[in-house]
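S.K.: This is the structure, below, for whatever I ask next.
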Amino acid sequence: MRTMGHSAAGLRSYGEIFRVPGAKRFIAAGMIGRMPSSMLSLGTVFLITAVTDSYATAGLASAGGALCYALVVPQLGYLIDRFGQRRVLRPLAAAFGTAGALFLLAAQLEAPVWLLCASGAAFGAFMPPLGALVRARWSHLAERDGGGRLLKCAFSFESVADELIWAVGPLVVAFAVLVHPAAGVAAAALTGVTGCLLLAGQRRTEPPVAAPQKVRTRAIAAPGMPWMCAVYLFTGAMFAAFELATIAFVEHYGETWMTGAVLGTYAIGSAIGGLWYGARDWSLPLDRLFLLAIASVVAGMAPLWAMPGVPALWGISLFAGILTAPAIIAGYSLVREGVPAHMLTEGLSWLSMAVGVGRAAGVALTGLVIEHHGPRWGYALALGLGACGVAMGLSGARTLRTMATTRLTRAA
C-alpha cells in the first residue's frame, strides 16, 4: 500500500509540472525545436542520395554534420550561459535557417561533393541544442523545490519527450520526402528555427545570466565532468552499435519492416522507464543511482549477441529500453548538482558533445565489425563499449560522489 501511495504521488507530480507558470509554452517550444535532432540525419541521407545516388556521400555528409554539432555545442552552451538564452537563440535561429537554405541550394544545383558535405556539416553544426536549454529552465524553476520531486519529474518528462521526438521525427521525414527529396531537410530547418524563436520570446522562465566576474572557468573543469563525459562517450558508442547491429540483425533474420518496429519498441520501453523513474522516491545517493542505472543498461545488452531470432529481440529491446531512461535522467541530474548554476547549459552541452562523438565513433567501428563478422559481433561490441563506460564511471566514483553533493555544499 505504501509503494502504491508513493507511485500515485509521483504520477500526480507529472501534472504539477504543467501547472508551473510558463511551463506549457516552453515545453511546446522545446519539443518543436528539438525535432531536427531526429530528422536532420535521415533528411540529409534522403536528399543527397536523391542528388548523387551515393550512400557513401550521404553518410559522409551526415557524419560530418553530427561531428561538427558535437564540437560546436559546448561552445554554444558557454555563450548561452554567458549572454542568456534569448540573445543567443535569435542569431542561432538565423544561422541554422541560412545553413539549411544553403544546403538545399547546393543540392538543387547538384554542387560538387565537397560543397554538399561542407554545407551539410554547417547545417548540422548550427542545430539548436534546445534539450539542454529546456532542462536549464527546469533547473532554474525548481531552485525552490526543496524535495527535488519537481525537477526529477521534469527531467523524466523531458526524457519521455526525447523518445517521442525520436519516434515522430523519422516518420515526418519519411512522409515529407514522398512530396520532394528536399522536404525532409526543409522540415528540419523549419522546426528548428520555429522552436528557437518561440523559446527566445519566453523571457519569464529564462534562467538569469551570471555576473561576468563569476565566469572564470569552463564547465568541463568542474569536478566529475571529465568522468561524466567519458561515461557518456562510451555509452553513446554503445547505443550507436546497438542500433546498427539491430538493423543488420533484422535484415539477416527477419523482414525489413521489422527494423522500425524493434527500434520503436526500444523507444517505448525507454519512455516507460522514464515515467517509472520519475514517479518513485529514491533513497540511494545520486552518484550511486547513476552508476547502478548505467550498469543495468549494460546488463540489459548482455543477452543480445545470443538471441535466436527477431521475436526475442523485441522482448529484450523493450527491457533494455526500460533501463535506459533512468540512466539518462540520473546523469542529467548529477550534472545539475555538480556544475554551478551559471554553467549548467554548458555542462549539459558537454554531455551532448560526448554522446555525439561516441555515436560517430560507434557507428564507424560497428560497421566494420558487422561487415567482417556479422550482427551478433556488433552486439558483442555494444556490450564491450558499455562495459568500458561502466569501468570509467567506477574509476571516477569518488569524484562523482563529490559531484552529487556539490550543490548542497554550496547552499550550506
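Residues in the C-alpha cells are named by chain (A, B, ... in the order shown) and by number from 1 within that chain; ligands are numbered from 1 in the order shown.
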Could I get the residues of range 132-241 of chain A with an atom no further than 9 Å from an atom of range 348-372 of chain A, each paired with its nearest atom pair and that distance in Å to one decimal, using only C-alpha atoms, sorted by chain and residue number, as CSV?
M.R.:
```
residue,atom,partner,partner_atom,distance
A:Ala132,CA,A:Leu348,CA,5.7
A:Leu133,CA,A:Leu348,CA,8.7
A:Arg135,CA,A:Leu348,CA,8.5
A:Ala136,CA,A:Leu348,CA,8.4
A:Ala219,CA,A:Trp350,CA,8.1
A:Ile220,CA,A:Trp350,CA,7.2
A:Met225,CA,A:Trp350,CA,8.4
A:Met228,CA,A:Leu351,CA,7.4
A:Cys229,CA,A:Ala354,CA,5.4
A:Ala230,CA,A:Ala354,CA,7.1
A:Val231,CA,A:Ala354,CA,8.4
A:Tyr232,CA,A:Val355,CA,5.5
A:Leu233,CA,A:Gly358,CA,4.4
A:Phe234,CA,A:Gly358,CA,5.9
A:Thr235,CA,A:Gly358,CA,7.3
A:Gly236,CA,A:Val355,CA,4.5
A:Ala237,CA,A:Gly362,CA,4.1
A:Met238,CA,A:Gly362,CA,6.7
A:Phe239,CA,A:Arg359,CA,7.2
A:Ala240,CA,A:Arg359,CA,5.2
A:Ala241,CA,A:Thr366,CA,5.5
```
S.K.: Would you mind exporting the chosen residues as a PDB file, in the first residue's frame, restricted to N, CA and C atoms?
M.R.:
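Once everything was written out, this is out.pdb:
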```pdb
ATOM      1  N   ALA A 132      19.118  20.921 -23.845  1.00  0.00           N
ATOM      2  CA  ALA A 132      19.872  21.468 -22.715  1.00  0.00           C
ATOM      3  C   ALA A 132      19.230  22.751 -22.204  1.00  0.00           C
ATOM      4  N   LEU A 133      18.714  23.577 -23.110  1.00  0.00           N
ATOM      5  CA  LEU A 133      18.122  24.853 -22.709  1.00  0.00           C
ATOM      6  C   LEU A 133      16.836  24.654 -21.916  1.00  0.00           C
ATOM      7  N   ARG A 135      16.059  21.968 -20.151  1.00  0.00           N
ATOM      8  CA  ARG A 135      16.418  21.413 -18.844  1.00  0.00           C
ATOM      9  C   ARG A 135      17.011  22.485 -17.934  1.00  0.00           C
ATOM     10  N   ALA A 136      17.741  23.440 -18.514  1.00  0.00           N
ATOM     11  CA  ALA A 136      18.261  24.553 -17.712  1.00  0.00           C
ATOM     12  C   ALA A 136      17.113  25.394 -17.160  1.00  0.00           C
ATOM     13  N   ALA A 219      32.747  24.763 -17.816  1.00  0.00           N
ATOM     14  CA  ALA A 219      32.031  23.709 -17.093  1.00  0.00           C
ATOM     15  C   ALA A 219      32.790  22.388 -17.093  1.00  0.00           C
ATOM     16  N   ILE A 220      33.566  22.130 -18.129  1.00  0.00           N
ATOM     17  CA  ILE A 220      34.301  20.868 -18.204  1.00  0.00           C
ATOM     18  C   ILE A 220      35.319  20.751 -17.087  1.00  0.00           C
ATOM     19  N   MET A 225      33.120  16.261 -14.192  1.00  0.00           N
ATOM     20  CA  MET A 225      32.662  16.412 -15.564  1.00  0.00           C
ATOM     21  C   MET A 225      33.474  15.597 -16.568  1.00  0.00           C
ATOM     22  N   MET A 228      32.154  12.114 -16.327  1.00  0.00           N
ATOM     23  CA  MET A 228      30.815  12.009 -16.909  1.00  0.00           C
ATOM     24  C   MET A 228      30.890  11.971 -18.435  1.00  0.00           C
ATOM     25  N   CYS A 229      31.736  12.818 -19.011  1.00  0.00           N
ATOM     26  CA  CYS A 229      31.877  12.838 -20.469  1.00  0.00           C
ATOM     27  C   CYS A 229      32.441  11.515 -20.975  1.00  0.00           C
ATOM     28  N   ALA A 230      33.381  10.934 -20.223  1.00  0.00           N
ATOM     29  CA  ALA A 230      33.940   9.646 -20.627  1.00  0.00           C
ATOM     30  C   ALA A 230      32.868   8.551 -20.608  1.00  0.00           C
ATOM     31  N   VAL A 231      32.045   8.542 -19.554  1.00  0.00           N
ATOM     32  CA  VAL A 231      30.962   7.555 -19.477  1.00  0.00           C
ATOM     33  C   VAL A 231      29.994   7.744 -20.631  1.00  0.00           C
ATOM     34  N   TYR A 232      29.623   8.987 -20.913  1.00  0.00           N
ATOM     35  CA  TYR A 232      28.663   9.258 -21.981  1.00  0.00           C
ATOM     36  C   TYR A 232      29.254   8.969 -23.357  1.00  0.00           C
ATOM     37  N   LEU A 233      30.545   9.156 -23.526  1.00  0.00           N
ATOM     38  CA  LEU A 233      31.177   8.834 -24.804  1.00  0.00           C
ATOM     39  C   LEU A 233      31.038   7.341 -25.099  1.00  0.00           C
ATOM     40  N   PHE A 234      31.351   6.499 -24.118  1.00  0.00           N
ATOM     41  CA  PHE A 234      31.271   5.055 -24.339  1.00  0.00           C
ATOM     42  C   PHE A 234      29.823   4.576 -24.452  1.00  0.00           C
ATOM     43  N   THR A 235      28.922   5.160 -23.650  1.00  0.00           N
ATOM     44  CA  THR A 235      27.524   4.734 -23.759  1.00  0.00           C
ATOM     45  C   THR A 235      26.891   5.226 -25.056  1.00  0.00           C
ATOM     46  N   GLY A 236      27.299   6.426 -25.531  1.00  0.00           N
ATOM     47  CA  GLY A 236      26.833   6.877 -26.837  1.00  0.00           C
ATOM     48  C   GLY A 236      27.279   5.937 -27.931  1.00  0.00           C
ATOM     49  N   ALA A 237      28.542   5.475 -27.862  1.00  0.00           N
ATOM     50  CA  ALA A 237      29.038   4.490 -28.824  1.00  0.00           C
ATOM     51  C   ALA A 237      28.272   3.176 -28.697  1.00  0.00           C
ATOM     52  N   MET A 238      27.924   2.796 -27.463  1.00  0.00           N
ATOM     53  CA  MET A 238      27.159   1.563 -27.246  1.00  0.00           C
ATOM     54  C   MET A 238      25.787   1.641 -27.905  1.00  0.00           C
ATOM     55  N   PHE A 239      25.084   2.762 -27.723  1.00  0.00           N
ATOM     56  CA  PHE A 239      23.762   2.894 -28.323  1.00  0.00           C
ATOM     57  C   PHE A 239      23.842   2.894 -29.846  1.00  0.00           C
ATOM     58  N   ALA A 240      24.861   3.535 -30.405  1.00  0.00           N
ATOM     59  CA  ALA A 240      25.022   3.528 -31.858  1.00  0.00           C
ATOM     60  C   ALA A 240      25.284   2.117 -32.361  1.00  0.00           C
ATOM     61  N   ALA A 241      26.123   1.370 -31.643  1.00  0.00           N
ATOM     62  CA  ALA A 241      26.403  -0.017 -32.023  1.00  0.00           C
ATOM     63  C   ALA A 241      25.139  -0.866 -31.942  1.00  0.00           C
TER      64      ALA A 241
END
```
S.K.: Near range 38-42 of chain A, counting only C-alpha atoms, which residues have an atom at most 7 Å away, once you skip same-chain residues fewer than 4 positions from it, shown as an mmCIF file with N, CA and C atoms, in the first residue's frame?
M.R.:
```
data_model
loop_
_atom_site.group_PDB
_atom_site.id
_atom_site.type_symbol
_atom_site.label_atom_id
_atom_site.label_comp_id
_atom_site.auth_asym_id
_atom_site.auth_seq_id
_atom_site.Cartn_x
_atom_site.Cartn_y
_atom_site.Cartn_z
ATOM 1 N N PHE A 46 18.386 11.124 -47.360
ATOM 2 C CA PHE A 46 17.402 11.091 -48.452
ATOM 3 C C PHE A 46 17.743 12.116 -49.532
ATOM 4 N N SER A 62 26.255 13.283 -43.471
ATOM 5 C CA SER A 62 25.518 13.104 -42.218
ATOM 6 C C SER A 62 26.474 12.999 -41.030
ATOM 7 N N ILE A 165 9.988 12.434 -29.641
ATOM 8 C CA ILE A 165 10.576 13.154 -30.776
ATOM 9 C C ILE A 165 11.284 12.189 -31.718
ATOM 10 N N TRP A 166 12.015 11.222 -31.149
ATOM 11 C CA TRP A 166 12.731 10.266 -31.984
ATOM 12 C C TRP A 166 11.796 9.269 -32.646
ATOM 13 N N GLY A 169 9.845 12.094 -35.444
ATOM 14 C CA GLY A 169 10.680 12.776 -36.428
ATOM 15 C C GLY A 169 10.961 11.977 -37.687
ATOM 16 N N PRO A 170 11.447 10.728 -37.564
ATOM 17 C CA PRO A 170 11.707 9.939 -38.780
ATOM 18 C C PRO A 170 10.455 9.696 -39.620
ATOM 19 N N VAL A 173 9.866 12.815 -41.692
ATOM 20 C CA VAL A 173 10.802 12.860 -42.828
ATOM 21 C C VAL A 173 10.376 11.865 -43.908
ATOM 22 N N VAL A 185 14.787 17.817 -45.210
ATOM 23 C CA VAL A 185 15.730 18.822 -44.719
ATOM 24 C C VAL A 185 15.008 20.139 -44.459
ATOM 25 N N ALA A 188 13.172 19.935 -41.181
ATOM 26 C CA ALA A 188 14.096 20.049 -40.048
ATOM 27 C C ALA A 188 14.488 21.500 -39.811
#
```
S.K.: Can you pull out every residue within 9 Å of Ala99 in chain A, counting only C-alpha atoms, but drop anything in the same chain fewer than 6 positions away, and send it as an mmCIF file with N, CA and C atoms, in the first residue's frame?
M.R.:
```cif
data_model
loop_
_atom_site.group_PDB
_atom_site.id
_atom_site.type_symbol
_atom_site.label_atom_id
_atom_site.label_comp_id
_atom_site.auth_asym_id
_atom_site.auth_seq_id
_atom_site.Cartn_x
_atom_site.Cartn_y
_atom_site.Cartn_z
ATOM 1 N N SER A 119 28.338 22.097 -46.729
ATOM 2 C CA SER A 119 27.085 22.774 -46.381
ATOM 3 C C SER A 119 26.244 21.913 -45.436
ATOM 4 N N GLY A 120 26.272 20.582 -45.633
ATOM 5 C CA GLY A 120 25.555 19.697 -44.722
ATOM 6 C C GLY A 120 26.162 19.710 -43.328
ATOM 7 N N ALA A 122 27.779 22.262 -41.976
ATOM 8 C CA ALA A 122 27.425 23.551 -41.362
ATOM 9 C C ALA A 122 25.987 23.526 -40.847
ATOM 10 N N PHE A 123 25.110 22.899 -41.606
ATOM 11 C CA PHE A 123 23.713 22.776 -41.179
ATOM 12 C C PHE A 123 23.627 22.014 -39.863
ATOM 13 N N GLY A 124 24.363 20.898 -39.761
ATOM 14 C CA GLY A 124 24.360 20.125 -38.517
ATOM 15 C C GLY A 124 25.004 20.871 -37.364
ATOM 16 N N PHE A 126 25.000 23.995 -36.602
ATOM 17 C CA PHE A 126 24.178 25.050 -36.002
ATOM 18 C C PHE A 126 22.829 24.545 -35.492
ATOM 19 N N ALA A 189 14.779 22.225 -40.902
ATOM 20 C CA ALA A 189 15.153 23.639 -40.766
ATOM 21 C C ALA A 189 13.991 24.458 -40.210
#
```
S.K.: To one decimal place in Å, what is the distance between CA of Ile294 in chain A and CA of Ala330 in chain A?
M.R.: 9.3 Å
S.K.: Please identify the alpha helix (DSSP H) residues within range 66-300 of chain A (assignment by DSSP from backbone atoms) and present them as a ChimeraX atom specification.
M.R.: /A:66-83,85-108,113-125,130-141,149-179,183-200,225-253,258-278,286-300
S.K.: Tell me, as a ChimeraX atom specification, which residues lie within 12 Å of Arg87 in chain A, counting only C-alpha atoms; anything in the same chain fewer than 2 positions away does not count.
M.R.: /A:76,79-85,89-93,196-197,199-203,206,209
S.K.: Closest to Trp276 in chain A among A:Ala293, A:Ile247, A:Met258, A:Ala325, using only C-alpha atoms?
M.R.: A:Ala325
S.K.: From the options A:Pro21, A:Gly195, A:Trp227, A:His342, which residue's atoms come nearest to Cys388 in chain A, counting only C-alpha atoms?
M.R.: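 The shortest atom-to-atom distance to Cys388 in chain A comes from A:Trp227.
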